[in-house]
$ cat run-v7.pdb   # PDB, C-alpha atoms
ATOM      1  CA  MET A 136      43.258 117.138 -18.477
ATOM      2  CA  TYR A 137      46.261 116.737 -20.763
ATOM      3  CA  ASP A 138      46.864 118.049 -24.283
ATOM      4  CA  THR A 139      48.244 116.214 -27.327
ATOM      5  CA  GLU A 140      51.815 116.978 -26.190
ATOM      6  CA  GLY A 141      51.098 115.304 -22.839
ATOM      7  CA  LEU A 142      51.153 118.590 -20.920
ATOM      8  CA  LYS A 143      48.671 119.396 -18.170
ATOM      9  CA  ILE A 144      46.015 121.925 -19.209
ATOM     10  CA  LEU A 145      45.740 124.743 -16.664
ATOM     11  CA  THR A 146      42.410 126.266 -15.685
ATOM     12  CA  GLU A 147      41.668 129.883 -16.560
ATOM     13  CA  GLN A 148      41.907 130.743 -12.866
ATOM     14  CA  GLU A 149      45.357 129.151 -12.623
ATOM     15  CA  CYS A 150      46.446 131.091 -15.717
ATOM     16  CA  ARG A 151      45.219 134.417 -14.306
ATOM     17  CA  GLU A 152      47.095 133.798 -11.067
ATOM     18  CA  LEU A 153      50.325 132.978 -12.935
ATOM     19  CA  LEU A 154      50.028 136.272 -14.853
ATOM     20  CA  GLY A 155      50.665 138.050 -11.564
ATOM     21  CA  THR A 156      53.870 136.149 -10.783
ATOM     22  CA  VAL A 157      56.268 137.381 -13.486
ATOM     23  CA  ALA A 158      57.323 140.753 -14.903
ATOM     24  CA  LEU A 159      58.469 139.730 -18.376
ATOM     25  CA  GLY A 160      56.315 138.496 -21.239
ATOM     26  CA  ARG A 161      56.447 138.236 -24.997
ATOM     27  CA  ILE A 162      54.179 139.934 -27.509
ATOM     28  CA  VAL A 163      53.452 137.877 -30.627
ATOM     29  CA  PHE A 164      52.251 139.779 -33.646
ATOM     30  CA  THR A 165      52.550 139.989 -37.402
ATOM     31  CA  ASP A 166      55.164 142.217 -38.996
ATOM     32  CA  ARG A 167      54.987 142.573 -42.770
ATOM     33  CA  ALA A 168      53.182 139.210 -43.052
ATOM     34  CA  LEU A 169      55.845 137.419 -40.994
ATOM     35  CA  PRO A 170      55.457 136.061 -37.464
ATOM     36  CA  ALA A 171      57.151 138.378 -34.978
ATOM     37  CA  ILE A 172      57.844 138.257 -31.263
ATOM     38  CA  GLN A 173      59.288 140.745 -28.813
ATOM     39  CA  PRO A 174      59.989 140.468 -25.081
ATOM     40  CA  VAL A 175      58.384 143.205 -22.976
ATOM     41  CA  ASN A 176      58.017 144.025 -19.329
ATOM     42  CA  PHE A 177      54.386 144.342 -18.283
ATOM     43  CA  VAL A 178      51.952 144.865 -15.463
ATOM     44  CA  LEU A 179      48.372 143.729 -14.955
ATOM     45  CA  ALA A 180      45.815 146.495 -14.491
ATOM     46  CA  ASP A 181      42.144 145.666 -14.002
ATOM     47  CA  GLY A 182      42.648 142.333 -15.720
ATOM     48  CA  GLU A 183      44.398 143.845 -18.747
ATOM     49  CA  VAL A 184      48.013 143.288 -19.762
ATOM     50  CA  VAL A 185      49.695 146.701 -20.032
ATOM     51  CA  ILE A 186      53.004 147.214 -21.820
ATOM     52  CA  LEU A 187      55.115 150.186 -22.832
ATOM     53  CA  THR A 188      56.648 150.649 -26.252
ATOM     54  CA  ALA A 189      58.612 153.403 -27.975
ATOM     55  CA  ALA A 190      56.193 155.604 -29.893
ATOM     56  CA  GLY A 191      57.853 155.034 -33.264
ATOM     57  CA  SER A 192      58.625 151.331 -32.917
ATOM     58  CA  LYS A 193      57.374 148.569 -35.156
ATOM     59  CA  LEU A 194      55.713 147.038 -32.094
ATOM     60  CA  ALA A 195      53.654 150.209 -31.602
ATOM     61  CA  ALA A 196      52.642 150.171 -35.269
ATOM     62  CA  ALA A 197      51.985 146.443 -35.525
ATOM     63  CA  THR A 198      49.865 146.150 -32.400
ATOM     64  CA  ARG A 199      47.554 149.060 -33.155
ATOM     65  CA  ASN A 200      44.082 147.501 -32.915
ATOM     66  CA  ALA A 201      45.535 144.134 -33.885
ATOM     67  CA  VAL A 202      44.856 140.763 -32.336
ATOM     68  CA  VAL A 203      48.038 139.713 -30.582
ATOM     69  CA  ALA A 204      49.206 136.881 -28.387
ATOM     70  CA  PHE A 205      51.009 137.523 -25.126
ATOM     71  CA  GLU A 206      53.036 134.742 -23.574
ATOM     72  CA  ILE A 207      54.685 134.181 -20.210
ATOM     73  CA  ASP A 208      56.500 131.079 -19.072
ATOM     74  CA  LYS A 209      58.844 129.735 -16.459
ATOM     75  CA  PHE A 210      60.872 126.536 -16.787
ATOM     76  CA  ASP A 211      63.615 125.181 -14.601
ATOM     77  CA  HIS A 212      67.056 124.650 -16.046
ATOM     78  CA  ALA A 213      66.666 120.920 -16.555
ATOM     79  CA  LEU A 214      63.269 121.517 -18.259
ATOM     80  CA  ALA A 215      61.708 119.013 -15.874
ATOM     81  CA  THR A 216      59.091 121.399 -14.501
ATOM     82  CA  GLY A 217      57.563 124.583 -15.796
ATOM     83  CA  TRP A 218      54.516 126.293 -17.180
ATOM     84  CA  ALA A 219      53.435 128.640 -19.946
ATOM     85  CA  VAL A 220      50.377 130.887 -20.253
ATOM     86  CA  VAL A 221      49.159 132.502 -23.472
ATOM     87  CA  VAL A 222      46.679 135.359 -23.662
ATOM     88  CA  ILE A 223      45.049 136.298 -26.957
ATOM     89  CA  GLY A 224      43.246 139.583 -27.360
ATOM     90  CA  HIS A 225      42.941 142.933 -29.056
ATOM     91  CA  ALA A 226      45.714 145.412 -28.388
ATOM     92  CA  ARG A 227      44.847 149.073 -28.190
ATOM     93  CA  VAL A 228      46.981 152.173 -27.751
ATOM     94  CA  ILE A 229      45.917 154.145 -24.700
ATOM     95  CA  ALA A 230      45.166 157.678 -25.885
ATOM     96  CA  GLU A 231      42.451 159.043 -23.592
ATOM     97  CA  ASP A 232      43.784 161.481 -20.931
ATOM     98  CA  GLY A 233      42.116 159.948 -17.881
ATOM     99  CA  GLU A 234      43.234 156.460 -18.794
ATOM    100  CA  LEU A 235      46.768 157.710 -19.550
ATOM    101  CA  ASP A 236      46.953 159.221 -16.072
ATOM    102  CA  ARG A 237      45.966 155.863 -14.620
ATOM    103  CA  MET A 238      48.617 154.089 -16.739
ATOM    104  CA  ARG A 239      51.345 156.517 -15.642
ATOM    105  CA  SER A 240      50.678 155.583 -12.036
ATOM    106  CA  LEU A 241      51.425 151.899 -12.746
ATOM    107  CA  PRO A 242      54.767 150.404 -11.650
ATOM    108  CA  LEU A 243      55.965 150.129 -15.240
ATOM    109  CA  LYS A 244      59.196 151.707 -16.453
ATOM    110  CA  PRO A 245      60.347 152.000 -20.077
ATOM    111  CA  TRP A 246      63.599 150.286 -21.056
ATOM    112  CA  ASN A 247      64.636 153.465 -22.854
ATOM    113  CA  GLU A 248      63.695 156.403 -20.673
ATOM    114  CA  GLY A 249      64.677 159.107 -23.118
ATOM    115  CA  GLU A 250      62.008 158.388 -25.728
ATOM    116  CA  PRO A 251      58.277 159.118 -25.914
ATOM    117  CA  VAL A 252      56.277 155.969 -25.181
ATOM    118  CA  HIS A 253      52.910 154.469 -25.928
ATOM    119  CA  TYR A 254      50.961 152.472 -23.417
ATOM    120  CA  ILE A 255      49.356 149.440 -25.015
ATOM    121  CA  ALA A 256      46.659 147.436 -23.252
ATOM    122  CA  ILE A 257      45.664 143.911 -24.220
ATOM    123  CA  THR A 258      42.248 142.718 -23.123
ATOM    124  CA  PRO A 259      42.384 138.936 -22.622
ATOM    125  CA  GLU A 260      39.770 137.255 -24.792
ATOM    126  CA  LEU A 261      41.292 133.768 -24.676
ATOM    127  CA  ILE A 262      43.558 132.523 -21.898
ATOM    128  CA  SER A 263      45.209 129.135 -21.935
ATOM    129  CA  GLY A 264      48.076 127.491 -20.166
ATOM    130  CA  ARG A 265      50.039 124.263 -19.845
ATOM    131  CA  SER A 266      52.346 122.855 -17.263
ATOM    132  CA  LEU A 267      55.052 120.252 -16.956
ATOM    133  CA  PRO A 268      55.693 117.615 -15.719
ATOM    134  CA  LYS A 269      53.947 115.591 -18.359
ATOM    135  CA  ALA A 270      51.124 113.196 -17.692
ATOM    136  CA  PRO A 271      52.087 110.199 -15.528
ATOM    137  CA  GLU A 272      52.441 106.959 -17.488
TER     138      GLU A 272
ATOM    139  CA  MET B 269      73.803 150.262 -32.989
ATOM    140  CA  TYR B 270      70.551 150.715 -31.094
ATOM    141  CA  ASP B 271      66.952 150.132 -32.192
ATOM    142  CA  THR B 272      63.905 152.385 -31.731
ATOM    143  CA  GLU B 273      63.312 150.901 -28.251
ATOM    144  CA  GLY B 274      66.866 151.890 -27.253
ATOM    145  CA  LEU B 275      68.074 148.284 -27.163
ATOM    146  CA  LYS B 276      71.465 147.236 -28.503
ATOM    147  CA  ILE B 277      71.298 145.394 -31.843
ATOM    148  CA  LEU B 278      73.303 142.165 -31.718
ATOM    149  CA  THR B 279      75.363 140.953 -34.655
ATOM    150  CA  GLU B 280      74.377 137.751 -36.456
ATOM    151  CA  GLN B 281      77.474 136.091 -35.001
ATOM    152  CA  GLU B 282      76.457 137.072 -31.455
ATOM    153  CA  CYS B 283      72.952 135.714 -32.105
ATOM    154  CA  ARG B 284      74.271 132.383 -33.397
ATOM    155  CA  GLU B 285      76.467 132.001 -30.324
ATOM    156  CA  LEU B 286      73.544 132.738 -27.975
ATOM    157  CA  LEU B 287      71.486 130.018 -29.705
ATOM    158  CA  GLY B 288      73.906 127.494 -28.257
ATOM    159  CA  THR B 289      73.525 128.697 -24.664
ATOM    160  CA  VAL B 290      69.920 127.755 -23.823
ATOM    161  CA  ALA B 291      67.743 124.668 -24.175
ATOM    162  CA  LEU B 292      64.280 126.258 -24.260
ATOM    163  CA  GLY B 293      62.799 128.387 -27.021
ATOM    164  CA  ARG B 294      59.410 129.442 -28.303
ATOM    165  CA  ILE B 295      57.882 128.680 -31.673
ATOM    166  CA  VAL B 296      55.682 131.450 -33.081
ATOM    167  CA  PHE B 297      53.210 130.432 -35.744
ATOM    168  CA  THR B 298      49.679 131.010 -36.970
ATOM    169  CA  ASP B 299      46.833 128.838 -35.718
ATOM    170  CA  ARG B 300      43.486 129.348 -37.420
ATOM    171  CA  ALA B 301      44.457 132.903 -38.408
ATOM    172  CA  LEU B 302      45.445 133.804 -34.840
ATOM    173  CA  PRO B 303      48.963 134.402 -33.534
ATOM    174  CA  ALA B 304      50.153 131.383 -31.561
ATOM    175  CA  ILE B 305      53.213 130.593 -29.487
ATOM    176  CA  GLN B 306      54.445 127.454 -27.784
ATOM    177  CA  PRO B 307      57.542 126.799 -25.650
ATOM    178  CA  VAL B 308      59.701 123.923 -26.873
ATOM    179  CA  ASN B 309      63.007 122.377 -25.973
ATOM    180  CA  PHE B 310      65.429 122.363 -28.892
ATOM    181  CA  VAL B 311      68.915 121.586 -30.098
ATOM    182  CA  LEU B 312      71.049 123.087 -32.847
ATOM    183  CA  ALA B 313      72.140 120.676 -35.572
ATOM    184  CA  ASP B 314      74.250 121.894 -38.485
ATOM    185  CA  GLY B 315      72.960 125.409 -37.965
ATOM    186  CA  GLU B 316      69.306 124.365 -37.908
ATOM    187  CA  VAL B 317      66.947 124.616 -34.944
ATOM    188  CA  VAL B 318      65.505 121.149 -34.291
ATOM    189  CA  ILE B 319      62.424 120.571 -32.129
ATOM    190  CA  LEU B 320      60.204 117.628 -31.289
ATOM    191  CA  THR B 321      56.441 117.704 -31.321
ATOM    192  CA  ALA B 322      53.686 115.141 -30.839
ATOM    193  CA  ALA B 323      52.666 113.790 -34.229
ATOM    194  CA  GLY B 324      49.018 114.868 -33.904
ATOM    195  CA  SER B 325      49.548 118.242 -32.262
ATOM    196  CA  LYS B 326      48.461 121.577 -33.649
ATOM    197  CA  LEU B 327      52.113 122.604 -33.626
ATOM    198  CA  ALA B 328      52.963 119.727 -35.957
ATOM    199  CA  ALA B 329      50.122 120.711 -38.274
ATOM    200  CA  ALA B 330      50.698 124.456 -38.163
ATOM    201  CA  THR B 331      54.437 124.347 -38.780
ATOM    202  CA  ARG B 332      54.304 122.022 -41.779
ATOM    203  CA  ASN B 333      56.211 123.960 -44.460
ATOM    204  CA  ALA B 334      55.212 127.224 -42.800
ATOM    205  CA  VAL B 335      57.358 130.248 -42.074
ATOM    206  CA  VAL B 336      57.742 130.429 -38.319
ATOM    207  CA  ALA B 337      59.616 132.515 -35.800
ATOM    208  CA  PHE B 338      61.689 130.932 -33.073
ATOM    209  CA  GLU B 339      62.632 132.985 -30.036
ATOM    210  CA  ILE B 340      65.018 132.555 -27.144
ATOM    211  CA  ASP B 341      65.709 135.040 -24.397
ATOM    212  CA  LYS B 342      67.261 135.450 -20.991
ATOM    213  CA  PHE B 343      66.561 138.321 -18.604
ATOM    214  CA  ASP B 344      67.553 138.749 -15.003
ATOM    215  CA  HIS B 345      64.873 139.107 -12.372
ATOM    216  CA  ALA B 346      65.115 142.860 -12.078
ATOM    217  CA  LEU B 347      64.937 143.153 -15.902
ATOM    218  CA  ALA B 348      68.101 145.231 -15.814
ATOM    219  CA  THR B 349      70.080 143.027 -18.187
ATOM    220  CA  GLY B 350      69.122 140.461 -20.762
ATOM    221  CA  TRP B 351      68.937 139.531 -24.393
ATOM    222  CA  ALA B 352      66.576 138.024 -26.945
ATOM    223  CA  VAL B 353      67.270 136.354 -30.290
ATOM    224  CA  VAL B 354      64.670 135.672 -32.988
ATOM    225  CA  VAL B 355      65.132 133.298 -35.915
ATOM    226  CA  ILE B 356      62.735 133.360 -38.855
ATOM    227  CA  GLY B 357      62.661 130.529 -41.342
ATOM    228  CA  HIS B 358      60.790 127.710 -42.996
ATOM    229  CA  ALA B 359      59.875 124.781 -40.789
ATOM    230  CA  ARG B 360      59.898 121.320 -42.315
ATOM    231  CA  VAL B 361      58.961 117.944 -40.903
ATOM    232  CA  ILE B 362      61.861 115.504 -41.120
ATOM    233  CA  ALA B 363      60.623 112.463 -43.016
ATOM    234  CA  GLU B 364      63.599 111.029 -44.867
ATOM    235  CA  ASP B 365      65.097 107.924 -43.181
ATOM    236  CA  GLY B 366      68.730 108.970 -43.178
ATOM    237  CA  GLU B 367      67.940 112.374 -41.755
ATOM    238  CA  LEU B 368      65.605 110.835 -39.157
ATOM    239  CA  ASP B 369      68.440 108.573 -37.976
ATOM    240  CA  ARG B 370      70.612 111.640 -37.565
ATOM    241  CA  MET B 371      67.858 113.430 -35.609
ATOM    242  CA  ARG B 372      67.351 110.473 -33.280
ATOM    243  CA  SER B 373      71.012 110.686 -32.280
ATOM    244  CA  LEU B 374      70.568 114.291 -31.068
ATOM    245  CA  PRO B 375      70.350 115.019 -27.328
ATOM    246  CA  LEU B 376      66.669 115.910 -27.587
ATOM    247  CA  LYS B 377      63.990 114.199 -25.505
ATOM    248  CA  PRO B 378      60.222 114.531 -25.939
ATOM    249  CA  TRP B 379      58.214 115.931 -23.019
ATOM    250  CA  ASN B 380      55.732 113.104 -23.507
ATOM    251  CA  GLU B 381      57.672 109.940 -24.137
ATOM    252  CA  GLY B 382      54.687 107.713 -24.808
ATOM    253  CA  GLU B 383      53.569 109.351 -28.052
ATOM    254  CA  PRO B 384      54.890 109.220 -31.606
ATOM    255  CA  VAL B 385      56.817 112.378 -32.411
ATOM    256  CA  HIS B 386      57.780 114.490 -35.387
ATOM    257  CA  TYR B 387      61.129 116.128 -35.722
ATOM    258  CA  ILE B 388      60.802 119.641 -37.114
ATOM    259  CA  ALA B 389      63.796 121.561 -38.421
ATOM    260  CA  ILE B 390      63.851 125.317 -38.912
ATOM    261  CA  THR B 391      66.441 126.714 -41.283
ATOM    262  CA  PRO B 392      67.354 130.227 -40.136
ATOM    263  CA  GLU B 393      66.755 132.701 -42.949
ATOM    264  CA  LEU B 394      66.716 135.817 -40.778
ATOM    265  CA  ILE B 395      68.433 136.102 -37.399
ATOM    266  CA  SER B 396      68.171 139.155 -35.186
ATOM    267  CA  GLY B 397      68.787 139.940 -31.561
ATOM    268  CA  ARG B 398      68.702 142.707 -28.994
ATOM    269  CA  SER B 399      70.257 143.179 -25.614
ATOM    270  CA  LEU B 400      69.754 145.261 -22.508
ATOM    271  CA  PRO B 401      70.964 147.443 -20.897
ATOM    272  CA  LYS B 402      69.617 150.211 -23.031
ATOM    273  CA  ALA B 403      71.763 152.770 -24.805
ATOM    274  CA  PRO B 404      73.737 155.028 -22.468
ATOM    275  CA  GLU B 405      72.290 158.552 -22.211
TER     276      GLU B 405
END

$ encode --input "run-v7.pdb" --output "structure tokens"
Amino acid sequence: MYDTEGLKILTEQECRELLGTVALGRIVFTDRALPAIQPVNFVLADGEVVILTAAGSKLAAATRNAVVAFEIDKFDHALATGWAVVVIGHARVIAEDGELDRMRSLPLKPWNEGEPVHYIAITPELISGRSLPKAPE
Amino acid sequence: MYDTEGLKILTEQECRELLGTVALGRIVFTDRALPAIQPVNFVLADGEVVILTAAGSKLAAATRNAVVAFEIDKFDHALATGWAVVVIGHARVIAEDGELDRMRSLPLKPWNEGEPVHYIAITPELISGRSLPKAPE
């Protein structure tokens, strides 16, 4: 199956497997009515995308109970092969003690270790992905 | 200058220079009220970000005269160094003949060569960027 751009449509299973192959993704959200995007490191935990953000950051504020997109991709330098996966789901700040303990045991380190952090979990509600190369002629 | 995540804030000049160093970016837009993101190859032309999209694609429809974000980034595998730049601006479909001729001379190739394409230009209105490593302790 190919989309209108001629890219191959990945299955949900392929997308879920690709989520486990990279450590960097991008959160897409809305910031004061404008589209916003921020790279984040992440881990998968029980099928959820878990990220860390500084407690006072705009990302922490903007993703509180919001619907966000989370994107990962990998393309070679010549842009001849590659893939991208996008997850859409509700983001929630982890606040419950037991769940926080579980999050703290994940292999996820903040970029700024001096600051208090929030754990944010995104439950995938829609998963889609595309890959290059394009459809054969 | 460092942001709330402890990342270094890049100057506008640094951001503009980084825009010329990569060939792949990500368009962030709204698709049926949901955040959406799509990787695209791009070139810079007279300070504008120019992308190609299939004429009938949702990207072509969603970016018509919309405010979009455009992101590029580069991180090393261990996520110890890296940078990200985000451009926000109006996207417009190039329709005027003279400008189309100019676009067709750019080194920009569609991923799906069989389909009619639209050229979309994004005029940067806001440019921001961050870099790792984080602020020294």

$ atom_distance --input "run-v7.pdb" --atom1 "atom CA of B:Gly397" --atom2 "atom CA of B:Glu285"
11.1 Å

$ closest_residue --input "run-v7.pdb" --among "B:Ala352, B:Leu320, B:Ala359, B:Ile388" --to "B:Cys283" --atoms "all atoms listed in the file"
B:Ala352

$ residues_near_point --input "run-v7.pdb" --point "(67.5, 145.8, -20.1)" --cutoff "12 Å" --atoms "all atoms listed in the file" --output "ChimeraX atom specification"
/A:159,174-176,244-248 /B:273-276,341-352,398-404

$ resolve_selection --input "run-v7.pdb" --expression "the PyMOL selection byres ((chain B and resi 328-331) around 8)" --output "number ranges by chain"
B: 297-299, 321-327, 332-336, 359-361, 386, 388

$ resolve_selection --input "run-v7.pdb" --expression "the PyMOL selection byres ((chain A and resi 185) around 6)" --output "PyMOL selection string"
chain A and resi 177-178+184+186+255-256

$ residues_around --input "run-v7.pdb" --residues "stretch 286-289 of chain B" --least-positions-apart "2" --cutoff "8 Å" --atoms "only C-alpha atoms" --output "JSON list (two decimals) with C-alpha atoms, in the frame of the given file"
[["chain", "number", "residue", "atom", "x", "y", "z"],
["B", 282, "GLU", "CA", 76.46, 137.07, -31.46],
["B", 283, "CYS", "CA", 72.95, 135.71, -32.10],
["B", 284, "ARG", "CA", 74.27, 132.38, -33.40],
["B", 291, "ALA", "CA", 67.74, 124.67, -24.18],
["B", 311, "VAL", "CA", 68.92, 121.59, -30.10],
["B", 312, "LEU", "CA", 71.05, 123.09, -32.85],
["B", 340, "ILE", "CA", 65.02, 132.56, -27.14],
["B", 353, "VAL", "CA", 67.27, 136.35, -30.29]]

$ atom_distance --input "run-v7.pdb" --atom1 "atom CA of B:Ala337" --atom2 "atom CA of B:Ile356"
4.4 Å

$ atom_distance --input "run-v7.pdb" --atom1 "atom CA of A:Leu169" --atom2 "atom CA of B:Ile390"
14.7 Å

$ residues_around --input "run-v7.pdb" --residues "B:Ser396" --least-positions-apart "5" --cutoff "8 Å" --atoms "only C-alpha atoms" --output "NGL selection string"
:B and (277-280 or 283 or 353-355)

$ write_last_selection --input "run-v7.pdb" --atoms "C-alpha atoms" --output "short mmCIF file (atom, residue, chain, number, x, y, z; two decimals), keeping the file's coordinate frame"
data_model
loop_
_atom_site.label_atom_id
_atom_site.label_comp_id
_atom_site.auth_asym_id
_atom_site.auth_seq_id
_atom_site.Cartn_x
_atom_site.Cartn_y
_atom_site.Cartn_z
CA ILE B 277 71.30 145.39 -31.84
CA LEU B 278 73.30 142.16 -31.72
CA THR B 279 75.36 140.95 -34.66
CA GLU B 280 74.38 137.75 -36.46
CA CYS B 283 72.95 135.71 -32.10
CA VAL B 353 67.27 136.35 -30.29
CA VAL B 354 64.67 135.67 -32.99
CA VAL B 355 65.13 133.30 -35.92
#
